[in-house]
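Student: Questions regarding the structure given below will be posed in turn.
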Amino acid sequence: MITRSALAPGVLQVEPDAAAVAERVADTLLRALRRGSCLGLATGRTMVPVYGALRRRLADLPSPERGALLAGWRSFNLDEYVGLGPADAGSFARFMAEQLGDPLGLPAAALRLPDGLAADPPAEARRYGEAVRRAGGIDLQLLGLGNNGHVGFNEPPCPADAPCRSLALSQVTRQQNAAAFGGDPAAVPAQAITLGTAEIRVARRLLLVVTGAAKAEVLRRCLLEPPSAALPASWLQGHPGLRIVVDAAAASQLPLS
Ligand code: GLP
């Protein structure tokens, strides 16, 4: 793989605030849809303004173009909680339906996620990873960043080539995501299914999106420390199709001139 510095201007883009980040990322998603790309999608608060900006862009298109893009929509989400399905308020299936599926009128089969209600989560993880491979892999993978350096739900420690799997969530992550469960970390499911660092790193392009001062330190470490299992997002370093879009607050610990 060609290694490029994660801070090079073509890789890292710093926007003034989260709203500007969302506009920039939505532009990239729209261009990818126009190319017929298979999208890898992410959940989390970071993505709420991104999907809002994408909905607005799609709404502004002439109806025939919008219809064609939606008809050709192909996406795989990164992850889902074990034990939750689309009827559960905290599920990622519900998040995606609310953010994109329902407002855009996407057919259920277009917006794919791991099935959190599957009776055998390890088998579901294998099936989902295989489905991504059979579809030809991900063209553009959107990624948020966990407070502990996770991408998807690849919790540390995580090797560079972990496959799609079911795994236990860390306390840090259950705390981070508690807001969607009435603020109670114990109400956050203990297990999840996630695409692995293996599937993520073979995506043709990666788009890491990070906003807010709370992630400035972990972002700095993921971009500047040697890649290691302790920081799963650090395995993205050197990916030839990596782009990182952050706001000024998230970039505040980076040595930018
Ligand atoms: C969850 C998701 C991750 C996401 C992270 C960031 O843990 N599994 O894919 O990156 O949330 O969340 P937020 O954007 O809410 O900080």
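Each chain in the structure tokens gets a letter, A, B, ..., in the order shown, and its residues are numbered from 1; ligands are numbered from 1 in order too.
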Counting only C-alpha atoms and all ligand atoms, which residues in chain A sit no more than 10 Å from ligand 1? For each one, give the nearest pair of atoms and the distance in Å, sorted by chain then residue number, as a tab-separated table.
Tutor:
```
residue	atom	partner	partner_atom_place_in_ligand_line	distance
A:Leu41	CA	ligand 1	9 (O)	8.6
A:Ala42	CA	ligand 1	9 (O)	5.2
A:Thr43	CA	ligand 1	9 (O)	5.5
A:Gly44	CA	ligand 1	15 (O)	3.6
A:Arg45	CA	ligand 1	15 (O)	3.7
A:Thr46	CA	ligand 1	14 (O)	3.7
A:Met47	CA	ligand 1	14 (O)	6.2
A:Val48	CA	ligand 1	14 (O)	8.2
A:Asn77	CA	ligand 1	9 (O)	9.0
A:Leu78	CA	ligand 1	9 (O)	6.6
A:Asp79	CA	ligand 1	8 (N)	6.1
A:Glu80	CA	ligand 1	8 (N)	7.5
A:Tyr81	CA	ligand 1	8 (N)	8.7
A:Phe92	CA	ligand 1	8 (N)	8.6
A:Leu142	CA	ligand 1	9 (O)	8.9
A:Leu143	CA	ligand 1	10 (O)	5.8
A:Gly144	CA	ligand 1	10 (O)	3.3
A:Leu145	CA	ligand 1	10 (O)	4.1
A:Gly146	CA	ligand 1	6 (C)	4.6
A:Asn147	CA	ligand 1	16 (O)	7.1
A:Asn148	CA	ligand 1	7 (O)	9.5
A:Gly149	CA	ligand 1	10 (O)	8.9
A:His150	CA	ligand 1	10 (O)	7.0
A:Val151	CA	ligand 1	9 (O)	5.4
A:Gly152	CA	ligand 1	9 (O)	3.6
A:Phe153	CA	ligand 1	8 (N)	4.6
A:Asn154	CA	ligand 1	8 (N)	8.1
A:Glu155	CA	ligand 1	7 (O)	9.2
A:Leu169	CA	ligand 1	7 (O)	9.1
A:Val172	CA	ligand 1	7 (O)	9.6
A:Thr173	CA	ligand 1	7 (O)	6.1
A:Arg174	CA	ligand 1	7 (O)	8.1
A:Gln175	CA	ligand 1	7 (O)	9.8
A:Gln176	CA	ligand 1	16 (O)	7.0
A:Asn177	CA	ligand 1	7 (O)	6.4
A:Ala178	CA	ligand 1	15 (O)	9.7
A:Ala179	CA	ligand 1	15 (O)	8.9
A:Ala180	CA	ligand 1	15 (O)	9.3
A:Ala192	CA	ligand 1	8 (N)	8.7
A:Ile193	CA	ligand 1	8 (N)	9.5
A:Thr194	CA	ligand 1	8 (N)	7.9
A:Leu195	CA	ligand 1	9 (O)	9.9
A:Leu208	CA	ligand 1	10 (O)	8.9
A:Val209	CA	ligand 1	10 (O)	8.4
A:Val210	CA	ligand 1	14 (O)	7.7
A:Thr211	CA	ligand 1	14 (O)	8.1
A:Gly212	CA	ligand 1	16 (O)	8.8
A:Ala214	CA	ligand 1	16 (O)	9.2
A:Lys215	CA	ligand 1	16 (O)	8.3
A:Ala233	CA	ligand 1	10 (O)	10.0
```
Student: Those residues with C-alpha atoms, as a tab-separated table (two decimals), in the first residue's frame please?
Tutor:
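Resulting contents of out00.tsv:
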```tsv
chain	number	residue	atom	x	y	z
A	41	LEU	CA	-22.71	3.81	6.02
A	42	ALA	CA	-22.22	4.68	9.67
A	43	THR	CA	-24.42	5.72	12.57
A	44	GLY	CA	-23.89	8.02	15.55
A	45	ARG	CA	-24.49	11.69	16.33
A	46	THR	CA	-21.73	12.77	13.96
A	47	MET	CA	-23.76	11.43	11.04
A	48	VAL	CA	-27.04	13.20	11.88
A	77	ASN	CA	-24.12	-0.29	7.35
A	78	LEU	CA	-21.14	-0.96	9.55
A	79	ASP	CA	-22.85	-2.41	12.57
A	80	GLU	CA	-25.87	-3.23	14.71
A	81	TYR	CA	-26.57	-4.10	18.33
A	92	PHE	CA	-29.12	1.32	14.12
A	142	LEU	CA	-18.12	6.43	5.77
A	143	LEU	CA	-16.66	6.18	9.29
A	144	GLY	CA	-17.17	7.94	12.60
A	145	LEU	CA	-14.72	7.65	15.48
A	146	GLY	CA	-15.42	6.20	18.91
A	147	ASN	CA	-14.03	7.88	22.02
A	148	ASN	CA	-11.78	4.84	22.46
A	149	GLY	CA	-10.56	4.90	18.86
A	150	HIS	CA	-13.05	2.36	17.52
A	151	VAL	CA	-14.38	2.38	13.98
A	152	GLY	CA	-17.65	0.59	13.41
A	153	PHE	CA	-17.76	-1.39	16.64
A	154	ASN	CA	-14.18	-2.65	16.35
A	155	GLU	CA	-13.29	-2.28	19.99
A	169	LEU	CA	-18.90	-3.74	23.66
A	172	VAL	CA	-16.44	3.30	27.22
A	173	THR	CA	-18.61	2.62	24.19
A	174	ARG	CA	-21.72	1.79	26.19
A	175	GLN	CA	-21.20	5.08	28.03
A	176	GLN	CA	-20.66	6.97	24.76
A	177	ASN	CA	-23.85	5.60	23.23
A	178	ALA	CA	-26.04	5.75	26.37
A	179	ALA	CA	-27.91	8.85	25.20
A	180	ALA	CA	-29.89	6.70	22.75
A	192	ALA	CA	-22.86	-6.00	18.62
A	193	ILE	CA	-22.14	-7.24	15.11
A	194	THR	CA	-19.65	-5.15	13.16
A	195	LEU	CA	-17.84	-5.18	9.86
A	208	LEU	CA	-13.43	9.40	8.33
A	209	VAL	CA	-15.60	12.13	9.84
A	210	VAL	CA	-14.80	13.55	13.27
A	211	THR	CA	-16.31	16.56	15.00
A	212	GLY	CA	-16.06	18.13	18.44
A	214	ALA	CA	-14.04	15.74	22.92
A	215	LYS	CA	-12.47	13.65	20.13
A	233	ALA	CA	-8.79	3.60	13.74
```
Student: Return the single residue from A:Glu225, A:Val218, A:Ser5, A:Ala190 that is closest to A:Ala250, with distances computed using only C-alpha atoms.
Tutor: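 Among the listed residues, the smallest separation from A:Ala250 belongs to A:Val218.
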Student: Leaving out A:Leu33 and any residue of its chain fewer than 6 positions from it, which residues lie within 12 Å of it when counting only C-alpha atoms, given as a ChimeraX atom specification?
Tutor: /A:26-27,39-40,54,57-58,65-75,139-140
Student: List every residue of stretch 60-161 of chain A that DSSP, applied to the backbone of this structure, places in alpha helix (DSSP H), and write the result as number ranges by chain.
Tutor: A: 60, 63-71, 92-96, 102-104, 121-134
Student: Could you write out that same residue set with N, CA and C atoms as an mmCIF file, in the first residue's frame?
Tutor:
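Result file follows (out.cif):
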```cif
data_model
loop_
_atom_site.group_PDB
_atom_site.id
_atom_site.type_symbol
_atom_site.label_atom_id
_atom_site.label_comp_id
_atom_site.auth_asym_id
_atom_site.auth_seq_id
_atom_site.Cartn_x
_atom_site.Cartn_y
_atom_site.Cartn_z
ATOM 1 N N ASP A 60 -33.227 18.642 -3.560
ATOM 2 C CA ASP A 60 -33.042 19.741 -4.511
ATOM 3 C C ASP A 60 -32.832 19.258 -5.947
ATOM 4 N N SER A 63 -36.572 15.733 -10.182
ATOM 5 C CA SER A 63 -37.185 14.468 -9.784
ATOM 6 C C SER A 63 -36.659 13.230 -10.546
ATOM 7 N N PRO A 64 -36.440 13.324 -11.868
ATOM 8 C CA PRO A 64 -35.942 12.110 -12.553
ATOM 9 C C PRO A 64 -34.567 11.682 -12.044
ATOM 10 N N GLU A 65 -33.682 12.674 -11.797
ATOM 11 C CA GLU A 65 -32.352 12.295 -11.306
ATOM 12 C C GLU A 65 -32.454 11.716 -9.896
ATOM 13 N N ARG A 66 -33.250 12.367 -9.051
ATOM 14 C CA ARG A 66 -33.414 11.851 -7.682
ATOM 15 C C ARG A 66 -33.943 10.418 -7.718
ATOM 16 N N GLY A 67 -34.953 10.205 -8.563
ATOM 17 C CA GLY A 67 -35.548 8.867 -8.658
ATOM 18 C C GLY A 67 -34.523 7.832 -9.104
ATOM 19 N N ALA A 68 -33.683 8.215 -10.058
ATOM 20 C CA ALA A 68 -32.688 7.263 -10.573
ATOM 21 C C ALA A 68 -31.655 6.938 -9.490
ATOM 22 N N LEU A 69 -31.226 7.967 -8.740
ATOM 23 C CA LEU A 69 -30.230 7.719 -7.692
ATOM 24 C C LEU A 69 -30.798 6.831 -6.584
ATOM 25 N N LEU A 70 -32.043 7.086 -6.221
ATOM 26 C CA LEU A 70 -32.638 6.287 -5.146
ATOM 27 C C LEU A 70 -32.899 4.853 -5.616
ATOM 28 N N ALA A 71 -33.271 4.711 -6.886
ATOM 29 C CA ALA A 71 -33.527 3.363 -7.418
ATOM 30 C C ALA A 71 -32.235 2.546 -7.464
ATOM 31 N N PHE A 92 -29.650 0.589 15.270
ATOM 32 C CA PHE A 92 -29.120 1.316 14.124
ATOM 33 C C PHE A 92 -30.048 1.166 12.917
ATOM 34 N N ALA A 93 -30.801 0.060 12.871
ATOM 35 C CA ALA A 93 -31.790 -0.095 11.788
ATOM 36 C C ALA A 93 -32.827 1.025 11.877
ATOM 37 N N ARG A 94 -33.263 1.339 13.110
ATOM 38 C CA ARG A 94 -34.241 2.422 13.275
ATOM 39 C C ARG A 94 -33.592 3.757 12.928
ATOM 40 N N PHE A 95 -32.355 3.961 13.390
ATOM 41 C CA PHE A 95 -31.630 5.209 13.096
ATOM 42 C C PHE A 95 -31.575 5.434 11.583
ATOM 43 N N MET A 96 -31.215 4.394 10.852
ATOM 44 C CA MET A 96 -31.071 4.545 9.402
ATOM 45 C C MET A 96 -32.417 4.764 8.721
ATOM 46 N N ASP A 102 -36.804 6.139 5.512
ATOM 47 C CA ASP A 102 -38.180 6.641 5.432
ATOM 48 C C ASP A 102 -38.269 7.953 4.673
ATOM 49 N N PRO A 103 -37.456 8.965 5.034
ATOM 50 C CA PRO A 103 -37.604 10.233 4.310
ATOM 51 C C PRO A 103 -37.298 10.121 2.824
ATOM 52 N N LEU A 104 -36.398 9.238 2.456
ATOM 53 C CA LEU A 104 -36.062 9.113 1.022
ATOM 54 C C LEU A 104 -36.944 8.088 0.328
ATOM 55 N N PRO A 121 -25.761 -14.870 16.373
ATOM 56 C CA PRO A 121 -25.010 -13.676 15.942
ATOM 57 C C PRO A 121 -23.695 -13.977 15.219
ATOM 58 N N PRO A 122 -22.863 -14.951 15.683
ATOM 59 C CA PRO A 122 -21.633 -15.208 14.912
ATOM 60 C C PRO A 122 -21.928 -15.640 13.471
ATOM 61 N N ALA A 123 -22.980 -16.458 13.291
ATOM 62 C CA ALA A 123 -23.332 -16.888 11.936
ATOM 63 C C ALA A 123 -23.856 -15.703 11.122
ATOM 64 N N GLU A 124 -24.620 -14.828 11.750
ATOM 65 C CA GLU A 124 -25.120 -13.635 11.050
ATOM 66 C C GLU A 124 -23.946 -12.742 10.621
ATOM 67 N N ALA A 125 -22.945 -12.628 11.486
ATOM 68 C CA ALA A 125 -21.769 -11.815 11.142
ATOM 69 C C ALA A 125 -21.059 -12.412 9.921
ATOM 70 N N ARG A 126 -20.930 -13.732 9.892
ATOM 71 C CA ARG A 126 -20.280 -14.367 8.727
ATOM 72 C C ARG A 126 -21.105 -14.133 7.462
ATOM 73 N N ARG A 127 -22.434 -14.271 7.599
ATOM 74 C CA ARG A 127 -23.316 -14.061 6.439
ATOM 75 C C ARG A 127 -23.186 -12.629 5.928
ATOM 76 N N TYR A 128 -23.151 -11.672 6.859
ATOM 77 C CA TYR A 128 -23.120 -10.255 6.465
ATOM 78 C C TYR A 128 -21.795 -9.907 5.785
ATOM 79 N N GLY A 129 -20.694 -10.382 6.356
ATOM 80 C CA GLY A 129 -19.390 -10.139 5.736
ATOM 81 C C GLY A 129 -19.342 -10.726 4.330
ATOM 82 N N GLU A 130 -19.937 -11.910 4.184
ATOM 83 C CA GLU A 130 -19.984 -12.574 2.874
ATOM 84 C C GLU A 130 -20.855 -11.778 1.895
ATOM 85 N N ALA A 131 -21.962 -11.233 2.411
ATOM 86 C CA ALA A 131 -22.857 -10.441 1.546
ATOM 87 C C ALA A 131 -22.123 -9.206 1.020
ATOM 88 N N VAL A 132 -21.305 -8.584 1.860
ATOM 89 C CA VAL A 132 -20.528 -7.421 1.416
ATOM 90 C C VAL A 132 -19.544 -7.851 0.323
ATOM 91 N N ARG A 133 -18.878 -8.984 0.542
ATOM 92 C CA ARG A 133 -17.911 -9.464 -0.459
ATOM 93 C C ARG A 133 -18.611 -9.814 -1.773
ATOM 94 N N ARG A 134 -19.768 -10.504 -1.669
ATOM 95 C CA ARG A 134 -20.494 -10.900 -2.879
ATOM 96 C C ARG A 134 -20.962 -9.692 -3.681
#
```
Student: Would you pick out the contacts of A:Ile244 at 7 Å or less, using only C-alpha atoms, so that residues sharing its chain but fewer than 2 positions from it are not included, and give the list as a list in words?
Tutor: Val11, Leu12, Gln13, Leu207, Leu208, Val209, Leu242 and Val246 of chain A
Student: Keeping only N, CA, C and O atoms, write the selected residues to a file as a PDB file, in the first residue's frame.
Tutor:
```pdb
ATOM      1  N   VAL A  11      -5.482  14.609   2.108  1.00  0.00           N
ATOM      2  CA  VAL A  11      -6.063  13.587   2.983  1.00  0.00           C
ATOM      3  C   VAL A  11      -6.947  14.237   4.041  1.00  0.00           C
ATOM      4  O   VAL A  11      -8.109  13.866   4.227  1.00  0.00           O
ATOM      5  N   LEU A  12      -6.398  15.214   4.748  1.00  0.00           N
ATOM      6  CA  LEU A  12      -7.121  15.852   5.860  1.00  0.00           C
ATOM      7  C   LEU A  12      -7.732  17.175   5.415  1.00  0.00           C
ATOM      8  O   LEU A  12      -7.049  18.020   4.844  1.00  0.00           O
ATOM      9  N   GLN A  13      -9.014  17.328   5.681  1.00  0.00           N
ATOM     10  CA  GLN A  13      -9.682  18.598   5.405  1.00  0.00           C
ATOM     11  C   GLN A  13     -10.302  19.108   6.692  1.00  0.00           C
ATOM     12  O   GLN A  13     -11.065  18.387   7.339  1.00  0.00           O
ATOM     13  N   LEU A 207     -13.788   7.460   4.264  1.00  0.00           N
ATOM     14  CA  LEU A 207     -14.076   8.847   4.620  1.00  0.00           C
ATOM     15  C   LEU A 207     -14.354   8.895   6.121  1.00  0.00           C
ATOM     16  O   LEU A 207     -15.433   8.522   6.587  1.00  0.00           O
ATOM     17  N   LEU A 208     -13.319   9.309   6.862  1.00  0.00           N
ATOM     18  CA  LEU A 208     -13.430   9.396   8.328  1.00  0.00           C
ATOM     19  C   LEU A 208     -13.910  10.799   8.699  1.00  0.00           C
ATOM     20  O   LEU A 208     -13.313  11.792   8.261  1.00  0.00           O
ATOM     21  N   VAL A 209     -14.968  10.851   9.493  1.00  0.00           N
ATOM     22  CA  VAL A 209     -15.599  12.127   9.837  1.00  0.00           C
ATOM     23  C   VAL A 209     -15.572  12.279  11.357  1.00  0.00           C
ATOM     24  O   VAL A 209     -16.084  11.425  12.086  1.00  0.00           O
ATOM     25  N   LEU A 242      -7.764   7.107   1.682  1.00  0.00           N
ATOM     26  CA  LEU A 242      -8.252   7.708   2.936  1.00  0.00           C
ATOM     27  C   LEU A 242      -8.439   9.215   2.798  1.00  0.00           C
ATOM     28  O   LEU A 242      -7.554   9.930   2.316  1.00  0.00           O
ATOM     29  N   VAL A 246     -12.784  16.889   9.225  1.00  0.00           N
ATOM     30  CA  VAL A 246     -12.968  17.182  10.647  1.00  0.00           C
ATOM     31  C   VAL A 246     -13.321  18.658  10.816  1.00  0.00           C
ATOM     32  O   VAL A 246     -13.077  19.477   9.921  1.00  0.00           O
TER      33      VAL A 246
END
```
Student: Using DSSP on the backbone coordinates, identify all residues within stretch 65-174 of chain A classified as strand (DSSP E); present the result as a list of chain:residue names.
Tutor: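 Matching residues, listed in order: A:Ser75, A:Phe76, A:Asn77, A:Asp79, A:Glu80, A:Tyr81, A:Leu111, A:Arg112, A:Leu140, A:Gln141, A:Leu142, A:Leu143, A:Arg165, A:Ser166, A:Leu167, A:Ala168.
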Student: Could you check which of A:Leu111, A:Val82, A:Val202, A:Leu30 is closest to A:Ala168, using only C-alpha atoms?
Tutor: A:Val82
Student: Which of these, A:Arg55, A:Arg204, A:Arg220, A:Arg34, has the shortest distance to A:Gly105 once you count only C-alpha atoms?
Tutor: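 For A:Gly105, the nearest of the candidates is A:Arg55.
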Student: To one decimal place, how far is atom CA of A:Cys38 from atom CA of A:Ile138 in Å?
Tutor: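 Going from atom CA of A:Cys38 over to atom CA of A:Ile138, I get 5.4 Å.
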Student: Show me, as a tab-separated table (two decimals) with N, CA, C and O atoms, in the first residue's frame, the residues that have an atom within 6 Å of A:Asp247 when counting only C-alpha atoms, minus same-chain residues fewer than 3 positions from it.
Tutor:
```tsv
chain	number	residue	atom	x	y	z
A	14	VAL	N	-9.96	20.33	7.06
A	14	VAL	CA	-10.48	20.92	8.29
A	14	VAL	C	-11.51	21.98	7.92
A	14	VAL	O	-11.22	22.90	7.16
A	15	GLU	N	-12.71	21.82	8.45
A	15	GLU	CA	-13.80	22.77	8.21
A	15	GLU	C	-14.06	23.54	9.51
A	15	GLU	O	-13.72	23.06	10.60
A	16	PRO	N	-14.68	24.71	9.40
A	16	PRO	CA	-14.87	25.51	10.62
A	16	PRO	C	-15.73	24.83	11.69
A	16	PRO	O	-15.44	24.94	12.88
A	17	ASP	N	-16.78	24.14	11.28
A	17	ASP	CA	-17.68	23.55	12.29
A	17	ASP	C	-18.38	22.31	11.73
A	17	ASP	O	-18.19	21.96	10.56
A	18	ALA	N	-19.18	21.70	12.59
A	18	ALA	CA	-19.81	20.43	12.20
A	18	ALA	C	-20.77	20.61	11.03
A	18	ALA	O	-20.91	19.70	10.20
A	211	THR	N	-15.98	15.20	14.57
A	211	THR	CA	-16.31	16.56	15.00
A	211	THR	C	-16.28	16.66	16.53
A	211	THR	O	-16.53	15.68	17.23
A	250	ALA	N	-12.18	19.35	16.51
A	250	ALA	CA	-11.58	18.01	16.49
A	250	ALA	C	-10.12	18.06	16.06
A	250	ALA	O	-9.30	17.23	16.45
```
Student: Measuring between only C-alpha atoms, which one of A:Ala89, A:Leu224, A:Ala110, A:Leu236 shows the shortest distance to A:Leu254?
Tutor: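 Ranked by minimum distance to A:Leu254, first place goes to A:Leu224.
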Student: Have a look at atom CA of A:Pro185 and atom CA of A:Gln171 and let me know their distance in Å, one decimal.
Tutor: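 Answer for the atom CA of A:Pro185 to atom CA of A:Gln171 separation: 7.7 Å.
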Student: Which residue out of A:Pro49, A:Arg201, A:His239, A:Ala6 has the minimum interatomic distance to A:Gly137 when only C-alpha atoms are used?
Tutor: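 Looking at the shortest contact to A:Gly137, the residue is A:Arg201.
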